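Raw contents of input_27.cif, mmCIF, C-alpha atoms and all ligand atoms:
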data_entry
#
loop_
_atom_site.label_atom_id
_atom_site.label_comp_id
_atom_site.auth_asym_id
_atom_site.auth_seq_id
_atom_site.Cartn_x
_atom_site.Cartn_y
_atom_site.Cartn_z
CA MET A 1 46.48 4.68 -6.09
CA GLY A 2 42.96 4.90 -7.37
CA SER A 3 42.81 1.12 -7.43
CA HIS A 4 41.21 0.65 -4.02
CA ARG A 5 38.07 -0.63 -5.65
CA LEU A 6 40.07 -3.51 -7.10
CA SER A 7 42.19 -4.10 -4.04
CA ARG A 8 39.28 -4.87 -1.71
CA GLU A 9 35.80 -6.20 -2.04
CA ALA A 10 32.89 -3.76 -2.19
CA ILE A 11 31.36 -3.07 1.22
CA PRO A 12 27.57 -3.23 1.01
CA VAL A 13 25.48 -1.11 3.37
CA LEU A 14 23.81 -4.34 4.50
CA ASP A 15 25.51 -7.74 4.31
CA LEU A 16 23.45 -10.82 5.13
CA ASN A 17 25.91 -13.27 3.57
CA ARG A 18 27.84 -14.18 6.74
CA GLU A 19 24.67 -14.77 8.71
CA ILE A 20 23.16 -16.93 5.98
CA ARG A 21 26.36 -18.94 5.59
CA GLU A 22 26.54 -19.64 9.34
CA LEU A 23 22.88 -20.47 9.83
CA LYS A 24 22.20 -22.34 6.60
CA PRO A 25 22.32 -25.88 8.04
CA GLN A 26 19.93 -24.95 10.87
CA ILE A 27 17.64 -23.02 8.52
CA LEU A 28 17.45 -25.86 6.02
CA GLN A 29 16.69 -28.31 8.80
CA ALA A 30 13.92 -26.08 10.16
CA VAL A 31 12.39 -25.71 6.70
CA GLU A 32 12.62 -29.45 6.16
CA GLU A 33 10.77 -30.08 9.42
CA VAL A 34 7.95 -27.82 8.23
CA LEU A 35 7.80 -29.66 4.92
CA ASP A 36 7.58 -32.95 6.80
CA THR A 37 4.63 -31.77 8.90
CA GLY A 38 2.78 -30.56 5.80
CA VAL A 39 1.35 -27.65 7.81
CA PHE A 40 2.18 -24.32 6.16
CA ILE A 41 -0.31 -21.90 7.68
CA MET A 42 -1.12 -21.26 11.36
CA GLY A 43 0.58 -24.29 12.85
CA GLU A 44 2.94 -25.05 15.68
CA GLN A 45 5.81 -22.85 14.39
CA VAL A 46 3.69 -19.70 14.49
CA ARG A 47 2.26 -20.59 17.91
CA GLN A 48 5.73 -21.26 19.36
CA LEU A 49 7.21 -18.12 17.82
CA GLU A 50 4.44 -16.02 19.33
CA ARG A 51 5.10 -17.51 22.76
CA GLU A 52 8.88 -17.16 22.48
CA ILE A 53 8.74 -13.53 21.38
CA ALA A 54 6.14 -12.61 24.00
CA ASP A 55 8.50 -14.14 26.61
CA GLU A 56 11.60 -12.48 25.16
CA LEU A 57 10.00 -9.03 25.17
CA GLY A 58 7.95 -9.39 28.33
CA ALA A 59 4.68 -8.82 26.49
CA GLY A 60 1.39 -10.43 27.42
CA TYR A 61 0.39 -11.46 23.90
CA ALA A 62 2.07 -11.68 20.51
CA VAL A 63 0.20 -12.00 17.23
CA ALA A 64 2.23 -13.04 14.19
CA LEU A 65 1.31 -11.25 10.97
CA ASN A 66 2.56 -11.05 7.43
CA SER A 67 4.35 -7.70 7.68
CA GLY A 68 5.17 -4.75 9.87
CA THR A 69 2.87 -2.64 7.73
CA ASP A 70 -0.05 -4.95 8.49
CA ALA A 71 0.89 -4.93 12.18
CA LEU A 72 0.40 -1.15 12.22
CA MET A 73 -2.82 -1.34 10.24
CA ILE A 74 -4.26 -4.18 12.33
CA ALA A 75 -3.30 -2.35 15.54
CA LEU A 76 -5.36 0.63 14.36
CA LEU A 77 -8.27 -1.56 13.21
CA ALA A 78 -8.25 -3.55 16.47
CA ALA A 79 -8.49 -0.27 18.39
CA GLY A 80 -11.43 0.85 16.26
CA ILE A 81 -9.56 3.78 14.73
CA GLY A 82 -10.86 4.87 11.34
CA ALA A 83 -12.63 7.59 9.37
CA GLY A 84 -12.69 10.97 11.10
CA ASP A 85 -9.93 10.06 13.56
CA GLU A 86 -6.54 11.70 13.76
CA VAL A 87 -3.34 9.86 14.59
CA ILE A 88 -0.19 11.76 15.50
CA THR A 89 3.10 10.47 14.15
CA THR A 90 6.54 11.44 12.93
CA PRO A 91 7.34 12.56 9.38
CA PHE A 92 10.85 11.10 9.61
CA THR A 93 10.09 7.42 9.12
CA PHE A 94 9.44 4.83 6.46
CA PHE A 95 6.24 5.61 4.53
CA ALA A 96 4.41 2.57 5.98
CA THR A 97 3.87 4.28 9.34
CA ALA A 98 1.67 6.95 7.79
CA GLU A 99 0.34 4.67 5.09
CA ALA A 100 -1.24 2.38 7.71
CA ILE A 101 -3.04 5.39 9.23
CA SER A 102 -4.37 6.50 5.85
CA ARG A 103 -5.26 2.92 4.88
CA VAL A 104 -7.78 2.74 7.74
CA GLN A 105 -9.22 6.12 6.60
CA ALA A 106 -7.77 8.03 9.55
CA VAL A 107 -5.65 11.16 9.13
CA PRO A 108 -1.95 11.26 9.97
CA VAL A 109 -0.92 14.41 11.83
CA PHE A 110 2.80 14.97 11.54
CA VAL A 111 4.80 16.40 14.43
CA ASP A 112 8.42 17.39 13.87
CA VAL A 113 11.36 15.44 15.23
CA ASP A 114 14.17 16.13 17.67
CA PRO A 115 17.25 16.51 15.42
CA ASP A 116 19.46 14.87 18.06
CA THR A 117 17.50 11.61 18.23
CA PHE A 118 15.66 11.70 14.85
CA ASN A 119 12.53 10.76 16.88
CA LEU A 120 9.21 12.50 17.55
CA ASP A 121 9.76 15.72 19.52
CA VAL A 122 7.44 15.24 22.48
CA ARG A 123 7.65 18.95 23.32
CA GLN A 124 5.61 19.56 20.16
CA LEU A 125 3.23 16.66 20.68
CA GLU A 126 0.58 18.29 22.87
CA GLN A 127 0.05 21.20 20.45
CA ALA A 128 -1.02 18.70 17.80
CA VAL A 129 -3.76 17.11 19.91
CA THR A 130 -7.33 17.96 18.88
CA ALA A 131 -10.76 16.61 19.83
CA ARG A 132 -10.37 14.09 16.97
CA THR A 133 -6.99 12.71 18.08
CA LYS A 134 -7.28 9.02 18.96
CA ALA A 135 -3.74 7.71 18.95
CA VAL A 136 -0.06 8.46 18.64
CA ILE A 137 2.47 6.32 16.79
CA PRO A 138 6.03 7.01 17.93
CA VAL A 139 8.68 5.34 15.78
CA HIS A 140 11.91 4.05 17.31
CA LEU A 141 13.89 5.16 14.31
CA PHE A 142 17.11 3.35 13.42
CA GLY A 143 16.75 1.30 16.64
CA LEU A 144 16.73 4.16 19.14
CA PRO A 145 13.63 4.27 21.37
CA ALA A 146 11.64 7.49 21.21
CA ASP A 147 11.11 9.52 24.38
CA MET A 148 8.45 7.17 25.68
CA SER A 149 7.96 8.86 29.07
CA GLY A 150 7.03 12.03 27.25
CA VAL A 151 4.78 10.15 24.84
CA MET A 152 3.01 8.19 27.59
CA GLU A 153 2.52 11.33 29.69
CA ALA A 154 0.89 13.22 26.82
CA ALA A 155 -1.15 10.17 25.85
CA GLU A 156 -2.47 9.69 29.37
CA ALA A 157 -3.33 13.38 29.68
CA HIS A 158 -5.45 13.19 26.51
CA GLY A 159 -6.69 9.58 26.61
CA LEU A 160 -4.76 8.50 23.52
CA LEU A 161 -3.80 5.02 22.46
CA VAL A 162 -0.05 4.54 21.97
CA ILE A 163 1.07 2.25 19.14
CA GLU A 164 4.84 1.88 18.99
CA ASP A 165 6.34 1.38 15.56
CA ALA A 166 9.22 -0.83 16.70
CA ALA A 167 9.91 -2.20 13.20
CA GLN A 168 13.55 -1.10 13.47
CA ALA A 169 13.94 -1.70 17.19
CA PHE A 170 13.66 -5.38 18.03
CA GLY A 171 15.50 -5.81 21.34
CA ALA A 172 15.95 -2.08 22.01
CA GLU A 173 15.15 -0.91 25.53
CA TYR A 174 13.77 2.13 27.24
CA GLN A 175 14.21 2.47 30.99
CA GLY A 176 14.73 -1.28 31.25
CA ARG A 177 11.67 -2.22 29.22
CA LYS A 178 11.73 -3.61 25.72
CA ALA A 179 10.70 -1.33 22.89
CA GLY A 180 7.21 -2.29 21.77
CA THR A 181 5.97 -3.13 25.27
CA ILE A 182 5.74 0.38 26.71
CA GLY A 183 2.69 1.66 24.81
CA HIS A 184 -0.59 -0.19 24.38
CA ILE A 185 0.51 -2.01 21.22
CA GLY A 186 3.94 -2.61 19.71
CA CYS A 187 4.50 -3.39 16.04
CA PHE A 188 7.47 -5.27 14.61
CA SER A 189 8.64 -6.09 11.12
CA PHE A 190 10.59 -9.19 10.13
CA PHE A 191 11.51 -7.78 6.72
CA PRO A 192 14.86 -9.46 5.87
CA SER A 193 16.96 -6.37 6.61
CA LYS A 194 15.54 -5.74 10.10
CA ASN A 195 17.52 -6.67 13.24
CA LEU A 196 15.44 -9.83 13.49
CA GLY A 197 14.58 -10.61 9.89
CA ALA A 198 12.85 -13.49 8.15
CA TYR A 199 13.80 -14.62 4.64
CA GLY A 200 10.66 -13.06 3.27
CA ASP A 201 7.97 -10.78 4.67
CA GLY A 202 6.74 -11.05 8.25
CA GLY A 203 5.56 -8.97 11.16
CA MET A 204 4.14 -9.10 14.64
CA LEU A 205 2.01 -7.14 17.04
CA VAL A 206 2.48 -7.35 20.81
CA THR A 207 0.20 -6.08 23.55
CA SER A 208 -0.74 -6.78 27.13
CA ASP A 209 -4.39 -6.08 26.38
CA ALA A 210 -6.25 -9.38 25.91
CA GLY A 211 -9.08 -7.66 24.05
CA LEU A 212 -6.80 -6.01 21.50
CA ALA A 213 -4.84 -9.24 21.03
CA GLY A 214 -8.04 -11.22 20.45
CA LYS A 215 -9.30 -8.69 17.95
CA ALA A 216 -5.96 -8.69 16.09
CA ARG A 217 -6.05 -12.51 15.93
CA MET A 218 -9.48 -12.37 14.34
CA LEU A 219 -8.56 -9.58 11.93
CA ARG A 220 -5.54 -11.45 10.56
CA ALA A 221 -7.73 -14.43 9.63
CA HIS A 222 -10.68 -12.85 7.84
CA GLY A 223 -12.34 -11.75 11.05
CA SER A 224 -12.82 -15.25 12.35
CA ILE A 225 -11.83 -17.31 15.37
CA LYS A 226 -13.44 -20.43 13.99
CA LYS A 227 -12.90 -21.08 10.30
CA TYR A 228 -16.01 -20.26 8.19
CA TYR A 229 -17.74 -18.49 11.11
CA ASN A 230 -16.48 -15.03 10.16
CA GLU A 231 -17.58 -12.29 12.52
CA LEU A 232 -15.72 -9.20 11.27
CA ILE A 233 -14.40 -7.74 8.02
CA GLY A 234 -10.78 -8.67 8.40
CA LEU A 235 -8.02 -9.53 5.98
CA ASN A 236 -5.50 -12.25 5.27
CA SER A 237 -2.37 -11.35 7.16
CA ARG A 238 -0.95 -14.58 8.50
CA LEU A 239 2.74 -15.37 8.94
CA ASP A 240 3.87 -18.49 7.05
CA GLU A 241 5.01 -21.52 9.04
CA ILE A 242 8.27 -21.58 7.07
CA GLN A 243 9.05 -17.96 7.99
CA ALA A 244 8.10 -18.63 11.62
CA ALA A 245 10.45 -21.64 11.67
CA ILE A 246 13.28 -19.50 10.23
CA LEU A 247 12.63 -16.76 12.79
CA ARG A 248 12.74 -19.34 15.59
CA VAL A 249 16.22 -20.36 14.44
CA LYS A 250 17.32 -16.71 14.44
CA LEU A 251 15.64 -15.47 17.62
CA PRO A 252 18.22 -16.98 20.04
CA TYR A 253 20.93 -14.95 18.27
CA ALA A 254 19.07 -11.64 18.26
CA ALA A 255 20.42 -10.30 21.57
CA GLU A 256 24.04 -11.13 20.71
CA TRP A 257 23.63 -9.60 17.24
CA ASN A 258 22.33 -6.41 18.82
CA GLU A 259 25.32 -6.35 21.19
CA ARG A 260 27.65 -6.67 18.21
CA ARG A 261 25.86 -3.81 16.47
CA ARG A 262 26.34 -1.73 19.62
CA ARG A 263 30.07 -2.53 19.68
CA ALA A 264 30.41 -1.57 16.03
CA ALA A 265 28.56 1.69 16.76
CA ALA A 266 30.88 2.44 19.68
CA LEU A 267 33.89 1.95 17.42
CA TYR A 268 32.41 4.23 14.74
CA GLY A 269 31.87 6.80 17.49
CA LYS A 270 35.57 6.66 18.39
CA LEU A 271 36.73 6.77 14.79
CA LEU A 272 34.37 9.49 13.56
CA GLY A 273 33.68 11.54 16.69
CA GLU A 274 36.40 14.11 16.11
CA ILE A 275 35.78 14.75 12.41
CA PRO A 276 34.46 18.27 11.89
CA GLY A 277 31.23 18.71 9.93
CA LEU A 278 29.89 15.34 10.97
CA VAL A 279 27.53 14.39 13.81
CA CYS A 280 27.45 10.84 15.17
CA PRO A 281 24.21 9.30 16.50
CA VAL A 282 23.54 9.65 20.23
CA GLU A 283 22.00 7.24 22.68
CA SER A 284 19.46 9.28 24.63
CA ALA A 285 19.11 8.95 28.41
CA GLY A 286 17.57 5.69 29.56
CA ALA A 287 17.57 4.22 26.06
CA LYS A 288 19.38 1.20 24.67
CA HIS A 289 19.98 1.75 20.97
CA VAL A 290 20.19 -1.35 18.76
CA TYR A 291 21.57 0.45 15.70
CA HIS A 292 19.36 -0.94 13.00
CA GLN A 293 21.12 1.85 11.15
CA TYR A 294 24.21 3.81 12.08
CA THR A 295 23.19 7.18 10.74
CA ILE A 296 25.45 10.20 10.77
CA ARG A 297 24.58 13.78 9.86
CA VAL A 298 26.84 15.44 7.32
CA MET A 299 26.66 19.20 7.65
CA ASP A 300 27.32 22.08 5.24
CA GLY A 301 25.66 20.47 2.22
CA ARG A 302 28.39 17.85 1.87
CA ARG A 303 26.25 14.70 2.31
CA ASP A 304 25.71 13.86 -1.37
CA GLY A 305 29.36 14.53 -2.18
CA LEU A 306 30.51 12.26 0.64
CA GLN A 307 28.11 9.54 -0.44
CA ALA A 308 29.42 9.70 -4.02
CA ALA A 309 33.04 9.66 -2.84
CA LEU A 310 32.40 6.59 -0.68
CA GLU A 311 30.58 4.87 -3.54
CA GLU A 312 33.68 5.54 -5.67
CA THR A 313 35.78 3.48 -3.25
CA GLY A 314 33.21 0.68 -3.08
CA ILE A 315 31.63 1.69 0.23
CA GLY A 316 27.85 1.37 0.13
CA THR A 317 25.77 3.85 2.13
CA ALA A 318 22.08 4.77 2.13
CA VAL A 319 19.92 7.81 2.73
CA TYR A 320 17.02 7.05 5.07
CA TYR A 321 14.98 9.05 4.21
CA PRO A 322 15.57 11.42 1.30
CA VAL A 323 12.02 12.86 1.48
CA PRO A 324 10.21 13.23 4.81
CA VAL A 325 6.80 11.59 4.68
CA HIS A 326 4.83 14.87 4.86
CA ARG A 327 6.55 15.95 1.64
CA LEU A 328 5.72 12.79 -0.32
CA PRO A 329 3.09 13.29 -3.05
CA VAL A 330 0.12 11.84 -1.12
CA TYR A 331 0.66 14.16 1.85
CA ALA A 332 2.29 17.22 0.23
CA ASP A 333 -1.11 18.92 -0.18
CA MET A 334 -1.40 19.17 3.61
CA GLY A 335 1.19 21.94 3.27
CA VAL A 336 2.83 21.30 6.64
CA GLN A 337 6.36 22.51 7.23
CA LEU A 338 8.55 20.56 9.59
CA PRO A 339 12.00 22.09 9.46
CA ALA A 340 13.92 19.54 11.54
CA ALA A 341 12.73 16.56 9.47
CA GLU A 342 13.36 18.48 6.26
CA GLN A 343 16.88 19.40 7.30
CA LEU A 344 17.66 15.84 8.41
CA SER A 345 16.55 14.46 5.06
CA ARG A 346 19.35 16.53 3.50
CA GLU A 347 21.99 15.59 6.09
CA VAL A 348 21.57 11.93 7.03
CA LEU A 349 23.78 9.16 5.75
CA SER A 350 23.57 5.57 6.97
CA LEU A 351 26.88 3.71 7.03
CA PRO A 352 27.40 -0.04 6.75
CA ILE A 353 26.43 -1.72 10.03
CA GLY A 354 25.61 -5.22 11.14
CA PRO A 355 26.60 -7.99 13.54
CA TYR A 356 29.39 -9.18 11.28
CA LEU A 357 30.99 -5.85 10.37
CA ASP A 358 34.66 -6.11 11.34
CA ALA A 359 36.87 -3.42 12.87
CA GLU A 360 39.27 -3.39 9.94
CA THR A 361 36.43 -2.54 7.54
CA GLN A 362 35.20 0.18 9.88
CA LEU A 363 38.71 1.68 10.00
CA PHE A 364 38.80 1.73 6.22
CA ILE A 365 35.36 3.40 6.03
CA ALA A 366 36.24 5.98 8.69
CA GLY A 367 39.51 6.73 6.91
CA LYS A 368 37.71 7.46 3.67
CA ILE A 369 35.16 9.67 5.44
CA ALA A 370 37.92 11.65 7.17
CA GLU A 371 39.79 11.98 3.88
CA TYR A 372 36.74 13.52 2.17
CA LEU A 373 35.65 15.83 4.97
CA ARG A 374 39.14 17.05 5.81
C1 LIG B 401 10.17 -1.76 7.87
C2 LIG B 401 9.32 -0.74 8.49
C3 LIG B 401 7.90 -0.82 8.45
C4 LIG B 401 7.17 -1.81 7.61
O1 LIG B 401 7.49 -3.13 7.81
P1 LIG B 401 7.22 -4.20 6.63
O2 LIG B 401 7.43 -5.50 7.32
O3 LIG B 401 8.24 -3.92 5.59
O4 LIG B 401 5.85 -4.03 6.15
C5 LIG B 401 7.18 0.10 9.17
N1 LIG B 401 7.77 1.07 9.87
C6 LIG B 401 9.11 1.21 9.89
C7 LIG B 401 9.70 2.31 10.70
C8 LIG B 401 9.92 0.32 9.20
O5 LIG B 401 11.24 0.47 9.23
#
Produce structure tokens that represent the structure in this file.
Amino acid sequence: MGSHRLSREAIPVLDLNREIRELKPQILQAVEEVLDTGVFIMGEQVRQLEREIADELGAGYAVALNSGTDALMIALLAAGIGAGDEVITTPFTFFATAEAISRVQAVPVFVDVDPDTFNLDVRQLEQAVTARTKAVIPVHLFGLPADMSGVMEAAEAHGLLVIEDAAQAFGAEYQGRKAGTIGHIGCFSFFPSKNLGAYGDGGMLVTSDAGLAGKARMLRAHGSIKKYYNELIGLNSRLDEIQAAILRVKLPYAAEWNERRRRAAALYGKLLGEIPGLVCPVESAGAKHVYHQYTIRVMDGRRDGLQAALEETGIGTAVYYPVPVHRLPVYADMGVQLPAAEQLSREVLSLPIGPYLDAETQLFIAGKIAEYLR
């Protein structure tokens, strides 16, 4: 005993090796085609990717950008949100959600989350609305759509713009519609670890509003439609042709990969569901979860111990997120207290998940979890 680490390979929390091995010939061919065209910025690959993703999601317009962070920032800029404006969002997210709000000089207003879904608690949303509130950014955390009917209802009542942070939710659905297409603007990230990831940075904004799409297109290219006839203060946030070509190879697999993630999640649910002191993720009504992460809650202060014990046996896990955004140094002075997000940051543990995770590995992981929590 005690030699498990030697008897099987380490299990990383995220494993891209299988995918890369299988797609390598297609990827190399796609990259080679770009090299042969000699067009590296704003060419046919980006245009085709935008069309294909708009079709896939059922969005009117798609604007390729160089990251999910820029997608959020450009969405805010395109909507004219800036100094003096407030934007409501969740504290239980990756920093970039709030960072984009602050970057455009607006103020993030954090509303606590529903501990069952990890997403913005819409019952607390209306209380946060003031005369300065311009927008709300729900995040579909870990691939589970937020309560978008609640969000849209509150937004309509107060005339707010809804920007969905769908960085972790490519292909997720809410009441039959794709995440990112329910609000006014949807933002995606193609960071390599996301459900649809490039092999470098990338992002996209989708909308059905022609005006917002046009503005975003200008903003990403120095505020210009026609080169050297700049009309706005924009930035440089274009997606590379090579990354667009890689994403076009991967896009046809995205739906099947999400289905495989869902099957792996269902198996985890069976294997872990009965273990006391542990809460498995739920799929809320009307939502289709795409399990960017499979995140359990470990109760009774045992999370860090479990993580260390799993690490000992070569099982990688991750804590998303150990500090809720409102407690990070740049926002801590606001002094807000959001008990659900704070409690979750002490309880959450993300287990290995991905399209190529096999049942035997999941059984091994579940066995080790049960052994520790018993
Ligand atoms: C990844 C992520 C982002 C940022 O995307 P980048 O492409 O890394 O800039 C924003 N919000 C959430 C919720 C994310 O997970």
Within 8 Å of A:Val282, counting all atoms listed in the file, which residues qualify if same-chain residues fewer than 2 places away don't, as a PyMOL selection string? chain A and resi 116-117+280+284
Quick one: residues within 7 Å of A:Glu342, all atoms listed in the file counted, chain neighbours fewer than 4 positions away excluded, as a list in words?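 In the requested form, the answer reads Pro324, Leu338 and Arg346 of chain A.
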Could you list, as a PyMOL selection string, all the residues within 9 Å of ligand LIG 401 (chain B), counting only C-alpha atoms and all ligand atoms? chain A and resi 66-72+92-98+100+139-142+165-169+187-194+201-204
Would you mind exporting C-alpha atoms of the selected residues as a CSV table (one decimal), in the frame of the given file?
chain,number,residue,atom,x,y,z
A,66,ASN,CA,2.6,-11.0,7.4
A,67,SER,CA,4.4,-7.7,7.7
A,68,GLY,CA,5.2,-4.8,9.9
A,69,THR,CA,2.9,-2.6,7.7
A,70,ASP,CA,0.0,-5.0,8.5
A,71,ALA,CA,0.9,-4.9,12.2
A,72,LEU,CA,0.4,-1.2,12.2
A,92,PHE,CA,10.8,11.1,9.6
A,93,THR,CA,10.1,7.4,9.1
A,94,PHE,CA,9.4,4.8,6.5
A,95,PHE,CA,6.2,5.6,4.5
A,96,ALA,CA,4.4,2.6,6.0
A,97,THR,CA,3.9,4.3,9.3
A,98,ALA,CA,1.7,7.0,7.8
A,100,ALA,CA,-1.2,2.4,7.7
A,139,VAL,CA,8.7,5.3,15.8
A,140,HIS,CA,11.9,4.0,17.3
A,141,LEU,CA,13.9,5.2,14.3
A,142,PHE,CA,17.1,3.4,13.4
A,165,ASP,CA,6.3,1.4,15.6
A,166,ALA,CA,9.2,-0.8,16.7
A,167,ALA,CA,9.9,-2.2,13.2
A,168,GLN,CA,13.6,-1.1,13.5
A,169,ALA,CA,13.9,-1.7,17.2
A,187,CYS,CA,4.5,-3.4,16.0
A,188,PHE,CA,7.5,-5.3,14.6
A,189,SER,CA,8.6,-6.1,11.1
A,190,PHE,CA,10.6,-9.2,10.1
A,191,PHE,CA,11.5,-7.8,6.7
A,192,PRO,CA,14.9,-9.5,5.9
A,193,SER,CA,17.0,-6.4,6.6
A,194,LYS,CA,15.5,-5.7,10.1
A,201,ASP,CA,8.0,-10.8,4.7
A,202,GLY,CA,6.7,-11.0,8.2
A,203,GLY,CA,5.6,-9.0,11.2
A,204,MET,CA,4.1,-9.1,14.6
Point-to-point distance from atom CA of A:Glu231 to atom CA of A:Gly200, Å rounded to tenths: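 We find that atom CA of A:Glu231 and atom CA of A:Gly200 lie 29.7 Å from each other.
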Rounded to one decimal in Å, what is the spacing between atom CA of A:Arg123 and atom CA of A:Val109?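 Computed distance, atom CA of A:Arg123 to atom CA of A:Val109, equals 15.0 Å.
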At a cut-off of 10 Å, using all atoms listed in the file, what residues contact A:Trp257? Leave out same-chain residues fewer than 4 positions from it and give the result as JSON, numbers by chain. {"A": [171, 195, 196, 250, 251, 252, 253, 261, 262, 263, 290, 354, 355, 356]}
For the residues in the current selection, export C-alpha atoms as a compact mmCIF listing (two decimals), in the frame of the given file.
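Wrote it out as result-v1.txt, contents follow:
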# COMPACT_ATOMS: atom_id res chain seq x y z
CA GLY A 171 15.50 -5.81 21.34
CA ASN A 195 17.52 -6.67 13.24
CA LEU A 196 15.44 -9.83 13.49
CA LYS A 250 17.32 -16.71 14.44
CA LEU A 251 15.64 -15.47 17.62
CA PRO A 252 18.22 -16.98 20.04
CA TYR A 253 20.93 -14.95 18.27
CA ARG A 261 25.86 -3.81 16.47
CA ARG A 262 26.34 -1.73 19.62
CA ARG A 263 30.07 -2.53 19.68
CA VAL A 290 20.19 -1.35 18.76
CA GLY A 354 25.61 -5.22 11.14
CA PRO A 355 26.60 -7.99 13.54
CA TYR A 356 29.39 -9.18 11.28
Nearest to A:Asp114: which of A:Ile88, A:Leu232, A:Ala340, A:Leu212 is it, counting all atoms listed in the file? A:Ala340
Could you please determine the separation between atom CA of A:Gly58 and atom CA of A:Arg248 in Å, to one decimal place? 16.9 Å
Hey, could you pull the box centre and edge lengths for stretch 126-130 of chain A, axis-aligned, 4 Å padding per side, all listed atoms, to one decimal in Å, as lines of an AutoDock Vina configuration file?
center_x = -3.4
center_y = 19.2
center_z = 20.3
size_x = 15.9
size_y = 12.1
size_z = 13.1
With all atoms listed in the file as the counted atoms, please give the residues lying no more than 12 Å from A:Lys270, apart from itself and same-chain residues fewer than 4 positions off, as a list of chain:residue names.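 So the residues in contact are A:Arg263, A:Ala264, A:Ala265, A:Ala266, A:Glu274, A:Ile275, A:Cys280, A:Pro281, A:Ala359, A:Gln362, A:Leu363, A:Ala366.
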Where atoms are lacking, stretch 131-143 of chain A completed to N, CA, C and O atoms, as an mmCIF file, in the coordinates of the input:
data_model
loop_
_atom_site.group_PDB
_atom_site.id
_atom_site.type_symbol
_atom_site.label_atom_id
_atom_site.label_comp_id
_atom_site.auth_asym_id
_atom_site.auth_seq_id
_atom_site.Cartn_x
_atom_site.Cartn_y
_atom_site.Cartn_z
ATOM 1 N N ALA A 131 -9.660 17.441 19.341
ATOM 2 C CA ALA A 131 -10.760 16.610 19.830
ATOM 3 C C ALA A 131 -10.869 15.303 19.032
ATOM 4 O O ALA A 131 -11.456 14.334 19.491
ATOM 5 N N ARG A 132 -10.281 15.289 17.821
ATOM 6 C CA ARG A 132 -10.370 14.090 16.970
ATOM 7 C C ARG A 132 -9.181 13.145 17.156
ATOM 8 O O ARG A 132 -9.174 12.043 16.618
ATOM 9 N N THR A 133 -8.179 13.565 17.912
ATOM 10 C CA THR A 133 -6.990 12.710 18.080
ATOM 11 C C THR A 133 -7.323 11.458 18.865
ATOM 12 O O THR A 133 -7.883 11.540 19.955
ATOM 13 N N LYS A 134 -6.983 10.298 18.288
ATOM 14 C CA LYS A 134 -7.280 9.020 18.960
ATOM 15 C C LYS A 134 -6.017 8.284 19.393
ATOM 16 O O LYS A 134 -6.064 7.488 20.323
ATOM 17 N N ALA A 135 -4.935 8.510 18.674
ATOM 18 C CA ALA A 135 -3.740 7.710 18.950
ATOM 19 C C ALA A 135 -2.483 8.461 18.557
ATOM 20 O O ALA A 135 -2.532 9.450 17.825
ATOM 21 N N VAL A 136 -1.364 7.952 19.065
ATOM 22 C CA VAL A 136 -0.060 8.460 18.640
ATOM 23 C C VAL A 136 0.813 7.257 18.301
ATOM 24 O O VAL A 136 0.766 6.226 18.980
ATOM 25 N N ILE A 137 1.548 7.387 17.198
ATOM 26 C CA ILE A 137 2.470 6.320 16.790
ATOM 27 C C ILE A 137 3.898 6.859 16.807
ATOM 28 O O ILE A 137 4.373 7.438 15.830
ATOM 29 N N PRO A 138 4.601 6.673 17.938
ATOM 30 C CA PRO A 138 6.030 7.010 17.930
ATOM 31 C C PRO A 138 6.782 5.914 17.185
ATOM 32 O O PRO A 138 6.383 4.748 17.206
ATOM 33 N N VAL A 139 7.836 6.305 16.497
ATOM 34 C CA VAL A 139 8.680 5.340 15.780
ATOM 35 C C VAL A 139 10.042 5.336 16.456
ATOM 36 O O VAL A 139 10.586 6.402 16.755
ATOM 37 N N HIS A 140 10.575 4.155 16.708
ATOM 38 C CA HIS A 140 11.910 4.050 17.310
ATOM 39 C C HIS A 140 12.911 3.978 16.161
ATOM 40 O O HIS A 140 13.402 2.905 15.803
ATOM 41 N N LEU A 141 13.168 5.142 15.579
ATOM 42 C CA LEU A 141 13.890 5.160 14.310
ATOM 43 C C LEU A 141 15.337 4.709 14.442
ATOM 44 O O LEU A 141 16.052 5.140 15.351
ATOM 45 N N PHE A 142 15.748 3.884 13.513
ATOM 46 C CA PHE A 142 17.110 3.350 13.420
ATOM 47 C C PHE A 142 17.481 2.469 14.615
ATOM 48 O O PHE A 142 18.641 2.117 14.790
ATOM 49 N N GLY A 143 16.480 2.153 15.478
ATOM 50 C CA GLY A 143 16.750 1.300 16.640
ATOM 51 C C GLY A 143 16.868 2.040 17.945
ATOM 52 O O GLY A 143 17.141 1.433 18.982
#
